[in-house]
$ cat structure03.cif   # mmCIF, C-alpha atoms
data_target
#
loop_
_atom_site.label_atom_id
_atom_site.label_comp_id
_atom_site.auth_asym_id
_atom_site.auth_seq_id
_atom_site.Cartn_x
_atom_site.Cartn_y
_atom_site.Cartn_z
CA MET A 1 -8.03 -20.45 33.66
CA ASN A 2 -11.33 -19.89 35.46
CA LEU A 3 -11.60 -16.49 33.75
CA LEU A 4 -11.12 -18.03 30.31
CA ALA A 5 -13.68 -20.74 31.06
CA GLY A 6 -16.13 -18.09 32.25
CA ALA A 7 -15.56 -16.04 29.10
CA ILE A 8 -16.23 -19.06 26.90
CA ARG A 9 -19.41 -19.87 28.84
CA TRP A 10 -20.54 -16.28 28.44
CA LEU A 11 -19.84 -16.36 24.70
CA PHE A 12 -21.77 -19.54 24.08
CA ALA A 13 -24.77 -18.68 26.25
CA PRO A 14 -27.76 -18.46 23.85
CA GLU A 15 -29.16 -15.34 25.53
CA GLN A 16 -25.98 -13.39 24.67
CA TRP A 17 -26.79 -13.64 20.96
CA GLU A 18 -30.38 -12.38 21.17
CA GLY A 19 -31.87 -8.88 21.12
CA LYS A 20 -30.66 -5.54 19.80
CA ASP A 21 -27.61 -5.62 22.08
CA GLY A 22 -26.89 -9.30 21.47
CA LEU A 23 -23.56 -10.42 20.07
CA LEU A 24 -25.03 -11.09 16.62
CA ALA A 25 -26.32 -7.51 16.33
CA LEU A 26 -23.07 -6.11 17.72
CA LEU A 27 -21.07 -8.20 15.23
CA GLY A 28 -23.17 -6.81 12.38
CA GLN A 29 -22.56 -3.23 13.58
CA HIS A 30 -18.84 -3.89 13.89
CA LEU A 31 -18.61 -5.31 10.38
CA LEU A 32 -20.72 -2.49 8.92
CA PHE A 33 -18.49 0.22 10.38
CA THR A 34 -15.40 -1.66 9.18
CA LEU A 35 -16.69 -2.24 5.66
CA LEU A 36 -17.94 1.32 5.14
CA SER A 37 -14.73 2.84 6.55
CA VAL A 38 -12.44 0.78 4.31
CA ILE A 39 -14.58 1.40 1.21
CA ILE A 40 -14.71 5.18 1.73
CA ALA A 41 -11.00 5.31 2.56
CA GLY A 42 -10.29 3.25 -0.56
CA ILE A 43 -12.26 5.65 -2.76
CA ILE A 44 -10.08 8.48 -1.43
CA ALA A 45 -6.67 6.83 -1.06
CA ILE A 46 -6.39 4.30 -3.89
CA PRO A 47 -6.76 6.73 -6.84
CA ALA A 48 -4.38 9.14 -5.07
CA GLY A 49 -1.86 6.35 -4.52
CA TRP A 50 -2.11 5.20 -8.12
CA ALA A 51 -1.56 8.77 -9.33
CA ILE A 52 1.53 9.09 -7.13
CA GLY A 53 2.89 5.73 -8.22
CA HIS A 54 2.25 6.37 -11.92
CA THR A 55 3.62 9.89 -12.11
CA GLY A 56 6.25 9.67 -9.37
CA LYS A 57 5.06 13.02 -8.05
CA GLY A 58 3.70 13.90 -4.63
CA ARG A 59 5.26 11.00 -2.73
CA GLU A 60 6.74 13.25 -0.04
CA ILE A 61 3.38 14.91 0.56
CA ALA A 62 1.66 11.52 0.76
CA VAL A 63 4.24 10.18 3.21
CA ALA A 64 3.90 13.26 5.41
CA ALA A 65 0.08 13.13 5.33
CA ALA A 66 0.07 9.41 6.09
CA GLY A 67 2.50 9.96 8.96
CA ILE A 68 0.28 12.63 10.48
CA ALA A 69 -2.78 10.37 10.14
CA ARG A 70 -0.95 7.48 11.83
CA ALA A 71 0.17 9.72 14.68
CA VAL A 72 -3.34 10.94 15.54
CA PRO A 73 -4.74 9.12 18.63
CA SER A 74 -7.83 7.28 17.46
CA PHE A 75 -9.81 7.78 20.68
CA GLY A 76 -8.98 11.48 20.84
CA LEU A 77 -9.91 11.91 17.18
CA LEU A 78 -13.25 10.17 17.72
CA ILE A 79 -14.16 12.35 20.71
CA LEU A 80 -13.09 15.52 18.88
CA LEU A 81 -15.19 14.66 15.82
CA VAL A 82 -18.22 13.79 17.94
CA LEU A 83 -17.96 17.21 19.60
CA LEU A 84 -17.57 18.93 16.22
CA PHE A 85 -20.34 17.00 14.47
CA GLY A 86 -22.69 17.07 17.45
CA VAL A 87 -24.27 14.21 19.37
CA THR A 88 -26.96 13.75 16.71
CA HIS A 89 -24.30 12.88 14.13
CA LYS A 90 -22.19 10.44 16.12
CA PRO A 91 -22.22 7.68 13.47
CA ALA A 92 -20.88 10.11 10.85
CA ALA A 93 -18.21 11.35 13.25
CA ALA A 94 -17.10 7.80 14.04
CA LEU A 95 -17.04 6.89 10.36
CA VAL A 96 -14.81 9.88 9.54
CA ALA A 97 -12.43 8.89 12.35
CA PHE A 98 -12.14 5.32 11.08
CA VAL A 99 -11.69 6.48 7.48
CA VAL A 100 -8.79 8.72 8.54
CA LEU A 101 -7.14 5.74 10.24
CA ALA A 102 -7.60 3.48 7.20
CA ILE A 103 -6.21 5.90 4.60
CA PRO A 104 -2.43 5.57 5.34
CA SER A 105 -2.26 1.81 4.76
CA LEU A 106 -4.38 2.00 1.60
CA LEU A 107 -2.35 4.89 0.23
CA ALA A 108 0.91 3.07 0.91
CA GLY A 109 -0.38 -0.14 -0.65
CA ALA A 110 -1.50 1.69 -3.79
CA TYR A 111 1.68 3.58 -4.57
CA THR A 112 4.21 1.00 -3.33
CA GLY A 113 2.50 -1.51 -5.63
CA PHE A 114 3.45 0.67 -8.58
CA GLU A 115 6.93 1.39 -7.23
CA ALA A 116 7.63 -2.34 -6.96
CA ILE A 117 7.14 -2.80 -10.70
CA ASP A 118 10.33 -3.03 -12.74
CA ARG A 119 10.56 0.25 -14.69
CA LYS A 120 11.76 -1.73 -17.71
CA THR A 121 8.31 -3.30 -17.90
CA VAL A 122 6.62 0.10 -17.97
CA ASP A 123 9.15 1.46 -20.48
CA ALA A 124 8.57 -1.56 -22.72
CA ALA A 125 4.82 -0.96 -22.65
CA ARG A 126 5.35 2.71 -23.48
CA SER A 127 7.72 1.87 -26.35
CA MET A 128 5.04 -0.42 -27.82
CA GLY A 129 2.81 2.61 -28.22
CA MET A 130 0.52 2.10 -25.24
CA THR A 131 -1.05 5.27 -23.89
CA GLU A 132 -0.61 6.32 -20.27
CA TRP A 133 -4.15 5.13 -19.48
CA GLN A 134 -3.43 1.75 -21.10
CA ILE A 135 -0.21 1.43 -19.11
CA LEU A 136 -2.09 2.25 -15.94
CA LEU A 137 -4.99 -0.13 -16.54
CA LYS A 138 -3.24 -3.03 -18.28
CA VAL A 139 0.23 -3.02 -16.73
CA GLU A 140 0.57 -1.13 -13.47
CA ILE A 141 -2.72 -1.94 -11.75
CA PRO A 142 -2.57 -5.71 -12.43
CA LEU A 143 1.11 -5.94 -11.40
CA GLY A 144 0.61 -3.77 -8.31
CA LEU A 145 -2.61 -5.43 -7.20
CA SER A 146 -1.02 -7.77 -4.69
CA LEU A 147 0.55 -4.94 -2.72
CA LEU A 148 -2.69 -2.99 -2.87
CA VAL A 149 -4.57 -5.94 -1.37
CA GLY A 150 -1.86 -6.02 1.30
CA GLY A 151 -2.68 -2.39 2.07
CA ILE A 152 -6.38 -3.23 2.23
CA ARG A 153 -5.53 -6.07 4.58
CA ALA A 154 -3.55 -3.80 6.90
CA ALA A 155 -6.23 -1.10 6.83
CA THR A 156 -8.99 -3.61 7.58
CA LEU A 157 -7.18 -5.01 10.61
CA GLN A 158 -6.49 -1.49 11.90
CA VAL A 159 -10.14 -0.51 11.57
CA VAL A 160 -11.48 -3.77 13.06
CA ALA A 161 -9.38 -3.21 16.16
CA THR A 162 -10.26 0.49 16.41
CA VAL A 163 -14.02 0.15 15.89
CA THR A 164 -14.20 -1.21 19.44
CA ILE A 165 -13.94 2.38 20.73
CA ALA A 166 -17.25 3.23 18.99
CA ALA A 167 -18.97 1.80 22.05
CA TYR A 168 -17.62 4.70 24.12
CA VAL A 169 -20.01 7.00 22.24
CA ASN A 170 -22.91 4.50 22.33
CA LEU A 171 -22.54 3.27 18.75
CA GLY A 172 -22.45 -0.41 19.56
CA GLY A 173 -20.02 -2.86 18.04
CA LEU A 174 -18.05 -5.55 19.81
CA GLY A 175 -16.50 -2.98 22.12
CA LEU A 176 -19.81 -2.73 24.00
CA PRO A 177 -19.39 -5.91 26.09
CA ILE A 178 -15.81 -4.87 26.86
CA ILE A 179 -16.83 -1.45 28.16
CA THR A 180 -19.94 -2.77 29.91
CA GLY A 181 -17.92 -5.54 31.52
CA LEU A 182 -15.34 -3.09 32.83
CA ASN A 183 -18.04 -0.94 34.39
CA LEU A 184 -19.72 -3.97 35.97
CA ARG A 185 -16.41 -5.66 36.86
CA ARG A 186 -17.56 -8.62 34.78
CA PHE A 187 -14.17 -9.66 33.48
CA ASP A 188 -15.58 -12.76 31.80
CA MET A 189 -17.63 -10.38 29.64
CA VAL A 190 -14.56 -8.23 28.95
CA LEU A 191 -12.51 -11.24 27.87
CA GLY A 192 -15.41 -12.63 25.84
CA GLY A 193 -15.74 -9.39 23.90
CA ALA A 194 -11.99 -9.24 23.34
CA LEU A 195 -12.01 -12.82 22.05
CA MET A 196 -14.78 -11.94 19.61
CA VAL A 197 -12.75 -9.03 18.22
CA ALA A 198 -9.62 -11.18 17.99
CA VAL A 199 -11.40 -14.01 16.17
CA LEU A 200 -13.04 -11.57 13.78
CA ALA A 201 -9.68 -9.96 13.01
CA LEU A 202 -8.05 -13.34 12.41
CA LEU A 203 -10.82 -14.47 10.06
CA LEU A 204 -10.69 -11.25 8.04
CA ASP A 205 -6.90 -11.44 7.91
CA LEU A 206 -7.08 -15.01 6.63
CA LEU A 207 -9.58 -14.11 3.91
CA LEU A 208 -7.55 -11.11 2.78
CA ALA A 209 -4.30 -13.10 2.90
CA LEU A 210 -5.87 -15.61 0.50
CA ALA A 211 -7.07 -12.74 -1.70
CA GLN A 212 -3.59 -11.22 -1.69
CA LYS A 213 -2.03 -14.52 -2.71
CA ALA A 214 -4.62 -14.98 -5.47
CA SER A 215 -4.02 -11.45 -6.79
CA VAL A 216 -0.37 -12.11 -7.66
CA PRO A 217 -0.16 -12.51 -11.46
CA ARG A 218 1.03 -15.94 -12.53
CA GLY A 219 4.80 -16.03 -12.86
CA LEU A 220 5.37 -12.84 -10.92
CA GLY A 221 8.10 -13.18 -8.33
CA TYR A 222 7.21 -10.57 -5.73
CA SER A 223 4.54 -10.78 -3.08
CA LYS A 224 4.86 -10.70 0.69
CA THR A 225 8.66 -10.16 0.80
CA THR A 226 8.55 -7.21 -1.56
CA TYR A 227 5.56 -5.74 0.21
CA LYS A 228 7.34 -5.86 3.56
CA LYS A 229 10.43 -4.23 2.04
CA HIS A 230 8.44 -1.37 0.58
CA GLU A 231 6.43 -0.96 3.79
CA ALA A 232 9.72 -0.72 5.71
CA ASP A 233 11.00 1.92 3.26
CA HIS A 234 7.70 3.76 3.64
CA ALA A 235 7.93 3.68 7.44
CA GLN A 236 11.50 5.01 7.34
CA ALA A 237 10.44 7.84 5.06
CA GLN A 238 7.60 8.67 7.46
CA ASP A 239 10.00 8.84 10.40
CA LYS A 240 12.22 11.27 8.52
CA GLU A 241 9.25 13.46 7.67
CA LEU A 242 7.97 13.49 11.25
CA THR A 243 11.40 14.30 12.71
#

$ encode --input "structure03.cif" --output "structure tokens"
Amino acid sequence: MNLLAGAIRWLFAPEQWEGKDGLLALLGQHLLFTLLSVIIAGIIAIPAGWAIGHTGKGREIAVAAAGIARAVPSFGLLILLVLLFGVTHKPAAALVAFVVLAIPSLLAGAYTGFEAIDRKTVDAARSMGMTEWQILLKVEIPLGLSLLVGGIRAATLQVVATVTIAAYVNLGGLGLPIITGLNLRRFDMVLGGALMVAVLALLLDLLLALAQKASVPRGLGYSKTTYKKHEADHAQAQDKELT
């Protein structure tokens, strides 16, 4: 209880929010890494997932690639990339590591969104004379958007939690007070930094949960239940590929 009280006092001390290593600056760094990582991963994974979901081809390759990416230790990947990129390119190395970690959830959200659509709906659109591009843009993307946002939500939470290790290579973020506190045996600082990360993750999750709910087309019956079912199927497929 005394530790929690000390952590709260440390968090609300005005001097902790000032300067280049203050909590406000560290929060900005943390959010910047998270935002850039998810955007870059989305540019790579979402079109690939849509292509897989639309054509039905390449799913096994995507599942295997996503399984490999999930199995890679984030800290080991970060250190390896820093060594490969060189110490002068540490931000780029960290960004690549976080992008790799974000891709599996985004890829799964993109193609499972299309797989959840009743094929009769797509066949009806095709029989009406719609082109493949029209089906993609006017039918599949709107109907699969909720599951895609769910993938973005999962990827964002993964990256927010993982960005804390950026402090190990002197890139700041909310992991800095955790690492500094461990070195100084200031456990109030460690807990304060952990609380900041937890609160940030909860707030982002809440915002994306609202966005996911809003992205469900009116009258459409699937949302969270269907997403969980397809994520479970995806996880089972990954296990088979890895074994």

$ atom_distance --input "structure03.cif" --atom1 "atom CA of A:Pro217" --atom2 "atom CA of A:Pro142"
7.3 Å

$ closest_residue --input "structure03.cif" --among "A:Leu3, A:Leu176, A:Leu147, A:Leu26" --to "A:Gln212" --atoms "only C-alpha atoms"
A:Leu147

$ closest_residue --input "structure03.cif" --among "A:Ile135, A:Ala167, A:Ala7, A:Ala209" --to "A:Ile79" --atoms "all atoms listed in the file"
A:Ala167

$ residues_near_point --input "structure03.cif" --point "(-17.0, -1.7, 20.7)" --cutoff "8 Å" --atoms "all atoms listed in the file" --output "list in words"
His30, Val163, Thr164, Ile165, Ala166, Ala167, Tyr168, Leu171, Gly172, Gly173, Leu174, Gly175, Leu176, Pro177, Ile178 and Ile179 of chain A

$ closest_residue --input "structure03.cif" --among "A:Leu77, A:Ala62, A:Ala92, A:Val38" --to "A:Arg153" --atoms "only C-alpha atoms"
A:Val38

$ closest_residue --input "structure03.cif" --among "A:Gly42, A:Gly129, A:Glu60, A:Val82" --to "A:Val100" --atoms "all atoms listed in the file"
A:Gly42

$ closest_residue --input "structure03.cif" --among "A:Leu101, A:Val216, A:Leu95, A:Leu191" --to "A:Leu32" --atoms "all atoms listed in the file"
A:Leu95

$ atom_distance --input "structure03.cif" --atom1 "atom CA of A:Ala155" --atom2 "atom CA of A:Leu106"
6.4 Å

$ atom_distance --input "structure03.cif" --atom1 "atom CA of A:Gly53" --atom2 "atom CA of A:Pro73"
28.1 Å

$ closest_residue --input "structure03.cif" --among "A:Ala41, A:Ala51, A:Leu143, A:Leu24" --to "A:Thr156" --atoms "only C-alpha atoms"
A:Ala41

$ axis_aligned_box --input "structure03.cif" --around "stretch 186-197 of chain A" --padding-each-side "4 Å" --output "JSON"
{"center_x": -14.8, "center_y": -10.5, "center_z": 26.5, "size_x": 13.6, "size_y": 12.6, "size_z": 24.6}
